[in-house]
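Text of the file run_22.cif, holding mmCIF, C-alpha atoms and all ligand atoms:
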```cif
data_upload
#
loop_
_atom_site.label_atom_id
_atom_site.label_comp_id
_atom_site.auth_asym_id
_atom_site.auth_seq_id
_atom_site.Cartn_x
_atom_site.Cartn_y
_atom_site.Cartn_z
CA MET A 27 0.00 0.00 0.00
CA LYS A 28 1.31 3.45 -0.94
CA PRO A 29 1.78 5.48 2.26
CA THR A 30 0.00 8.81 2.57
CA PHE A 31 0.99 11.44 5.08
CA LEU A 32 -0.73 14.32 6.85
CA PRO A 33 0.90 17.41 8.34
CA LEU A 34 1.62 16.94 12.05
CA ASP A 35 -0.52 18.93 14.45
CA PHE A 36 2.19 19.43 17.07
CA HIS A 37 1.49 21.71 19.97
CA TRP A 38 4.73 23.58 20.61
CA VAL A 39 5.32 24.79 24.15
CA ALA A 40 8.03 27.06 25.50
CA PRO A 41 10.83 25.25 27.39
CA ARG A 42 9.80 27.03 30.60
CA THR A 43 6.24 25.74 30.17
CA SER A 44 7.57 22.20 29.62
CA GLU A 45 9.55 22.46 32.83
CA ARG A 46 6.53 23.60 34.79
CA ARG A 47 4.28 20.93 33.30
CA ALA A 48 6.76 18.11 33.92
CA HIS A 49 7.16 19.20 37.52
CA ARG A 50 3.41 19.35 38.11
CA LEU A 51 2.93 16.01 36.43
CA LEU A 52 5.66 14.49 38.57
CA LYS A 53 3.90 15.64 41.72
CA THR A 54 0.58 14.25 40.49
CA MET A 55 1.97 10.89 39.37
CA LEU A 56 3.96 10.39 42.58
CA GLN A 57 0.61 10.48 44.39
CA ARG A 58 -0.52 7.31 42.61
CA ARG A 59 -0.79 4.22 44.78
CA THR A 60 -2.09 0.77 44.09
CA ILE A 61 -4.88 0.16 46.59
CA ARG A 62 -6.65 -3.03 47.63
CA THR A 63 -9.71 -1.74 49.47
CA PHE A 64 -12.38 0.02 47.43
CA SER A 65 -15.53 1.96 48.25
CA ASP A 66 -18.72 1.29 46.28
CA ARG A 67 -19.06 4.97 45.42
CA ARG A 68 -20.17 5.39 41.83
CA VAL A 69 -17.86 6.62 39.13
CA PRO A 70 -19.16 8.66 36.18
CA ARG A 71 -19.28 6.49 33.04
CA SER A 72 -17.81 9.29 30.96
CA VAL A 73 -14.61 9.26 33.04
CA ILE A 74 -14.11 5.55 32.30
CA LYS A 75 -14.92 6.14 28.63
CA ASN A 76 -12.49 9.00 28.17
CA CYS A 77 -9.70 7.16 30.00
CA LEU A 78 -10.28 4.16 27.70
CA ARG A 79 -10.03 6.49 24.70
CA ILE A 80 -6.66 7.61 26.08
CA ALA A 81 -5.57 3.96 26.47
CA GLY A 82 -6.64 3.27 22.91
CA SER A 83 -4.43 6.11 21.67
CA ALA A 84 -1.25 4.33 22.79
CA PRO A 85 1.45 3.49 20.24
CA SER A 86 1.52 -0.14 19.08
CA GLY A 87 3.50 -2.45 16.81
CA ALA A 88 2.64 -1.54 13.19
CA ASN A 89 -0.30 0.39 14.69
CA MET A 90 -2.26 -2.87 15.01
CA GLN A 91 -3.78 -1.71 18.33
CA PRO A 92 -3.85 -5.32 19.57
CA TRP A 93 -6.03 -4.68 22.61
CA LYS A 94 -9.56 -5.11 23.83
CA PHE A 95 -10.92 -3.53 27.01
CA VAL A 96 -13.88 -5.27 28.62
CA VAL A 97 -15.67 -3.02 31.11
CA ILE A 98 -17.67 -4.77 33.81
CA SER A 99 -19.98 -2.98 36.21
CA ARG A 100 -22.92 -5.36 36.66
CA THR A 101 -22.91 -6.74 40.23
CA ALA A 102 -23.76 -10.30 39.21
CA LEU A 103 -20.90 -10.41 36.70
CA ARG A 104 -18.43 -8.97 39.20
CA ALA A 105 -19.53 -11.64 41.70
CA LYS A 106 -19.00 -14.35 39.09
CA ILE A 107 -15.49 -13.07 38.37
CA LYS A 108 -14.73 -12.89 42.10
CA LYS A 109 -15.78 -16.48 42.61
CA ALA A 110 -13.66 -17.75 39.70
CA ALA A 111 -10.65 -15.58 40.62
CA GLU A 112 -10.71 -16.68 44.25
CA LYS A 113 -10.73 -20.32 43.17
CA GLU A 114 -7.50 -19.78 41.19
CA GLU A 115 -6.03 -17.67 43.95
CA GLN A 116 -6.70 -20.32 46.58
CA ALA A 117 -4.73 -22.79 44.49
CA PHE A 118 -2.01 -20.18 43.99
CA TYR A 119 -1.58 -19.33 47.67
CA LYS A 120 -2.04 -22.90 48.89
CA LYS A 121 0.10 -24.79 46.39
CA ARG A 122 1.13 -23.15 43.12
CA ALA A 123 3.26 -20.29 44.47
CA SER A 124 6.88 -20.97 45.41
CA THR A 125 8.08 -20.13 48.92
CA GLU A 126 10.21 -17.39 47.39
CA TRP A 127 7.19 -15.85 45.65
CA LEU A 128 5.06 -15.96 48.81
CA GLN A 129 7.92 -14.33 50.70
CA ALA A 130 8.08 -11.50 48.14
CA LEU A 131 4.32 -10.98 48.53
CA GLY A 132 4.53 -10.96 52.34
CA PRO A 133 4.91 -7.17 52.74
CA LEU A 134 1.82 -6.62 50.54
CA GLY A 135 -0.38 -8.55 52.95
CA THR A 136 -2.35 -10.20 50.14
CA ASP A 137 -4.15 -13.53 50.34
CA TRP A 138 -6.64 -15.49 48.20
CA ARG A 139 -9.63 -13.35 49.19
CA LYS A 140 -10.51 -10.69 46.62
CA PRO A 141 -13.43 -8.63 48.00
CA PHE A 142 -12.40 -5.66 45.87
CA LEU A 143 -13.75 -7.50 42.82
CA VAL A 144 -17.28 -6.80 44.04
CA ASP A 145 -16.67 -3.66 46.12
CA ALA A 146 -15.25 -1.54 43.29
CA PRO A 147 -17.77 -0.18 40.77
CA TYR A 148 -15.72 -1.08 37.68
CA LEU A 149 -13.50 -3.91 36.57
CA ILE A 150 -11.67 -3.47 33.28
CA VAL A 151 -10.23 -6.65 31.82
CA ILE A 152 -7.54 -5.89 29.27
CA PHE A 153 -7.14 -8.55 26.60
CA ALA A 154 -4.14 -8.83 24.28
CA GLU A 155 -4.96 -9.92 20.73
CA LYS A 156 -2.37 -12.55 19.77
CA PHE A 157 -3.50 -11.99 16.17
CA GLY A 158 -6.29 -10.04 14.53
CA LEU A 159 -9.35 -11.61 12.96
CA ARG A 160 -10.71 -10.11 9.76
CA ALA A 161 -14.43 -10.23 9.05
CA ASP A 162 -13.79 -13.13 6.58
CA GLY A 163 -12.01 -15.11 9.32
CA GLU A 164 -8.49 -14.51 7.97
CA HIS A 165 -5.76 -13.97 10.58
CA VAL A 166 -3.88 -10.66 10.71
CA LYS A 167 -0.39 -10.80 12.19
CA HIS A 168 0.20 -8.61 15.25
CA TYR A 169 3.62 -7.36 16.37
CA TYR A 170 5.04 -6.59 19.82
CA VAL A 171 1.72 -7.50 21.41
CA GLN A 172 2.90 -7.61 25.03
CA GLU A 173 4.79 -4.34 24.72
CA SER A 174 1.88 -2.59 22.99
CA VAL A 175 -0.74 -3.75 25.48
CA GLY A 176 1.58 -2.91 28.37
CA ILE A 177 1.95 0.66 27.08
CA ALA A 178 -1.82 1.03 26.60
CA THR A 179 -2.39 -0.26 30.12
CA GLY A 180 0.13 2.26 31.45
CA PHE A 181 -1.75 5.02 29.63
CA LEU A 182 -4.99 3.79 31.21
CA ILE A 183 -3.60 3.66 34.76
CA ALA A 184 -2.05 7.13 34.41
CA ALA A 185 -5.25 8.55 32.90
CA LEU A 186 -7.49 7.12 35.63
CA HIS A 187 -5.16 8.47 38.30
CA GLN A 188 -5.13 11.93 36.77
CA ALA A 189 -8.91 11.80 36.54
CA GLY A 190 -8.98 11.28 40.30
CA LEU A 191 -9.64 7.52 40.47
CA ALA A 192 -7.72 4.73 42.15
CA THR A 193 -6.73 1.40 40.61
CA LEU A 194 -5.44 -2.04 41.42
CA THR A 195 -3.55 -4.06 38.83
CA HIS A 196 -4.78 -7.55 39.59
CA THR A 197 -3.48 -10.70 37.93
CA PRO A 198 -5.33 -13.77 39.14
CA SER A 199 -3.28 -16.62 37.77
CA PRO A 200 -4.08 -18.27 35.42
CA MET A 201 -6.64 -15.90 33.88
CA GLY A 202 -8.15 -18.17 31.24
CA PHE A 203 -11.49 -18.18 33.09
CA LEU A 204 -11.99 -14.59 31.96
CA ASN A 205 -12.36 -15.66 28.32
CA LYS A 206 -15.10 -18.03 29.34
CA ILE A 207 -17.03 -15.70 31.64
CA LEU A 208 -16.74 -12.74 29.28
CA GLY A 209 -17.26 -14.75 26.09
CA ARG A 210 -14.05 -13.61 24.44
CA PRO A 211 -12.59 -15.48 21.44
CA ASN A 212 -9.36 -17.45 21.69
CA ASN A 213 -7.25 -14.94 19.75
CA GLU A 214 -7.59 -12.79 22.89
CA ARG A 215 -5.47 -13.51 25.94
CA PRO A 216 -6.29 -11.89 29.30
CA PHE A 217 -3.46 -9.46 30.05
CA LEU A 218 -4.56 -7.79 33.27
CA LEU A 219 -7.61 -7.12 35.38
CA LEU A 220 -7.78 -3.49 36.44
CA VAL A 221 -9.95 -2.69 39.45
CA VAL A 222 -11.23 0.91 39.30
CA GLY A 223 -12.96 3.11 41.82
CA TYR A 224 -12.37 5.15 44.95
CA PRO A 225 -10.51 4.06 48.10
CA ALA A 226 -12.63 2.76 50.97
CA VAL A 227 -12.57 4.90 54.11
CA GLY A 228 -9.48 3.95 56.09
CA THR A 229 -7.55 2.52 53.12
CA THR A 230 -3.90 1.88 53.92
CA VAL A 231 -0.96 1.12 51.65
CA PRO A 232 2.06 -1.07 52.47
CA SER A 233 4.81 1.18 53.80
CA PHE A 234 7.50 -0.41 51.65
CA ALA A 235 5.55 0.25 48.45
CA VAL A 236 5.51 3.99 49.11
CA GLU A 237 9.26 4.06 48.61
CA ARG A 238 10.45 4.38 45.02
CA LYS A 239 13.97 3.49 43.94
CA PRO A 240 16.23 6.54 43.91
CA PHE A 241 16.65 8.25 40.53
CA LYS A 242 20.33 7.27 40.40
CA GLU A 243 19.42 3.62 40.74
CA ILE A 244 16.97 3.58 37.85
CA VAL A 245 18.58 6.02 35.43
CA ILE A 246 21.99 5.77 33.76
CA TRP A 247 22.66 9.16 32.23
N1 LIG B 301 -2.18 -12.94 41.90
C1 LIG B 301 -2.04 -12.99 43.34
C2 LIG B 301 -0.64 -12.88 43.81
C3 LIG B 301 0.09 -11.62 43.54
C4 LIG B 301 1.21 -11.65 42.73
C5 LIG B 301 1.96 -10.52 42.54
I1 LIG B 301 3.66 -10.62 41.46
C6 LIG B 301 1.57 -9.30 43.15
O1 LIG B 301 2.31 -8.15 42.94
C7 LIG B 301 0.46 -9.28 43.96
C8 LIG B 301 -0.29 -10.45 44.13
C9 LIG B 301 -2.95 -11.93 44.01
O2 LIG B 301 -3.51 -11.09 43.31
O3 LIG B 301 -3.09 -11.96 45.21
#
```
Take the structure from the file and write it as structure tokens.
Amino acid sequence: MKPTFLPLDFHWVAPRTSERRAHRLLKTMLQRRTIRTFSDRRVPRSVIKNCLRIAGSAPSGANMQPWKFVVISRTALRAKIKKAAEKEEQAFYKKRASTEWLQALGPLGTDWRKPFLVDAPYLIVIFAEKFGLRADGEHVKHYYVQESVGIATGFLIAALHQAGLATLTHTPSPMGFLNKILGRPNNERPFLLLVVGYPAVGTTVPSFAVERKPFKEIVIW
């Protein structure tokens, strides 16, 4: 296909403005915490929608946009997901996880119980499309699927935080049950379950998770 190009609509900003914006954004993003206790307070649908539009604007391999976001708010469906997730999690905590893994999770204080799956008003299950499916059933090759979906998920988490919501990146393992419950085809692989809402009154966060590695440790300049 012959490529066509459009003029870029780039919004130039003065260096001083960039500095101010980056600093403000840093302060905002450093406030983000993964939480595990959610209130049932309702979230405006339009906030979820716009944040998903932001996620869908992420860069992807060959612009294949190999993602699908399934939004769940119905109580009965959240309860069904909770039941299935807790079954996998029981097996994980009781036998599948190595001692080393359980030790690493110790400071988080997690266990197999996942009440947040029904407490929070929204669950967003992010699926990665291993390949695309054309209307005629032909497969379309996708590239850098994990990387692309990871970037889109990062966009989503950052967007929800900036919109004033809290999230939990939850990965019940294995997640195959989500295809079944949500009726998704087998070219889609569950990537992550994002719990979205507001913190319950009295929410705490693990003290060790508040610490971020020093700049010097993560950046080689
Ligand atoms: N999926 C389990 C265990 C778990 C694993 C990791 I790595 C975490 O960062 C947190 C939890 C659970 O959700 O409890």
Exercise for the section: Collect all residues with atoms no farther than 8 Å from ligand LIG 301 (chain B), counting all atoms listed in the file, and output them as number ranges by chain. Expected result: A: 115, 118-119, 127, 131, 134, 136-140, 196-199
Problem - Among listed residues A:Phe142, A:Phe157, A:Trp38, A:Phe181, nearest Cys77 in chain A (using all atoms listed in the file) - result: A:Phe181
Problem - Ser86 in chain A environment, 9 Å, only C-alpha atoms, sequence neighbours closer than 6 positions dropped, as a PyMOL selection string - result: chain A and resi 92+169-171+173-175+177-178
Practice task
Enter the distance from CA of Ala110 in chain A to CA of Phe203 in chain A, in Å, rounded to one decimal.
Solution key: 7.0 Å
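For the set A:Lys242, A:Ser65, A:Glu112, A:Lys106, the residue with the smallest atom-to-atom gap to Lys206 in chain A is A:Lys106, counting only C-alpha atoms.
Comparing the minimum interatomic distances between Thr195 in chain A and each of A:His165, A:Arg122, A:Arg62, A:Lys109, counting all atoms listed in the file, we find that A:Arg62 sits nearest.
Closest approach to Leu191 in chain A among A:Pro216, A:Pro33, A:Gly158, A:Pro147: A:Pro147, based on all atoms listed in the file.
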Completion exercise
If you count only C-alpha atoms, the residue of A:Asp162, A:Phe95, A:Ala189, A:Arg50 closest to Ser72 in chain A turns out to be A:Ala189
Practice task
Find the residues near Tyr148 in chain A: any atom within 8 Å, counting all atoms listed in the file, skip ones fewer than 4 places away on the same chain, and give them as a PyMOL selection string.
Solution key: chain A and resi 97-99+221-223
Exercise for the section: Find, counting all atoms listed in the file, the residue in A:Ala161, A:Glu237, A:Ile150, A:Asn212 that gets nearest to Ile74 in chain A. Expected result: A:Ile150
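A straight line drawn from CA of Thr63 in chain A to CA of Gly135 in chain A is 12.1 Å long.
CA of Arg68 in chain A sits 12.7 Å away from CA of Gly190 in chain A.
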Could the residues of range 205-239 of chain A that have an atom at most 12 Å from range 52-60 of chain A be listed as JSON lines, each with its closest atom pair and the distance in Å to one decimal, counting all atoms listed in the file and ordered by chain and ascending residue number?
```
{"residue": "A:Leu220", "atom": "CA", "partner": "A:Thr60", "partner_atom": "CA", "distance": 10.4}
{"residue": "A:Val221", "atom": "CA", "partner": "A:Thr60", "partner_atom": "CA", "distance": 9.8}
{"residue": "A:Val222", "atom": "CA", "partner": "A:Thr60", "partner_atom": "CA", "distance": 10.3}
{"residue": "A:Gly223", "atom": "CA", "partner": "A:Thr60", "partner_atom": "CA", "distance": 11.3}
{"residue": "A:Tyr224", "atom": "CA", "partner": "A:Thr60", "partner_atom": "CA", "distance": 11.2}
{"residue": "A:Pro225", "atom": "CA", "partner": "A:Thr60", "partner_atom": "CA", "distance": 9.9}
{"residue": "A:Thr229", "atom": "CA", "partner": "A:Thr60", "partner_atom": "CA", "distance": 10.7}
{"residue": "A:Thr230", "atom": "CA", "partner": "A:Arg59", "partner_atom": "CA", "distance": 9.9}
{"residue": "A:Val231", "atom": "CA", "partner": "A:Arg59", "partner_atom": "CA", "distance": 7.5}
{"residue": "A:Pro232", "atom": "CA", "partner": "A:Thr60", "partner_atom": "CA", "distance": 9.5}
{"residue": "A:Ser233", "atom": "CA", "partner": "A:Arg59", "partner_atom": "CA", "distance": 11.0}
{"residue": "A:Phe234", "atom": "CA", "partner": "A:Arg59", "partner_atom": "CA", "distance": 11.7}
{"residue": "A:Ala235", "atom": "CA", "partner": "A:Arg59", "partner_atom": "CA", "distance": 8.3}
{"residue": "A:Val236", "atom": "CA", "partner": "A:Arg59", "partner_atom": "CA", "distance": 7.6}
{"residue": "A:Glu237", "atom": "CA", "partner": "A:Leu56", "partner_atom": "CA", "distance": 10.2}
{"residue": "A:Arg238", "atom": "CA", "partner": "A:Leu56", "partner_atom": "CA", "distance": 9.2}
```
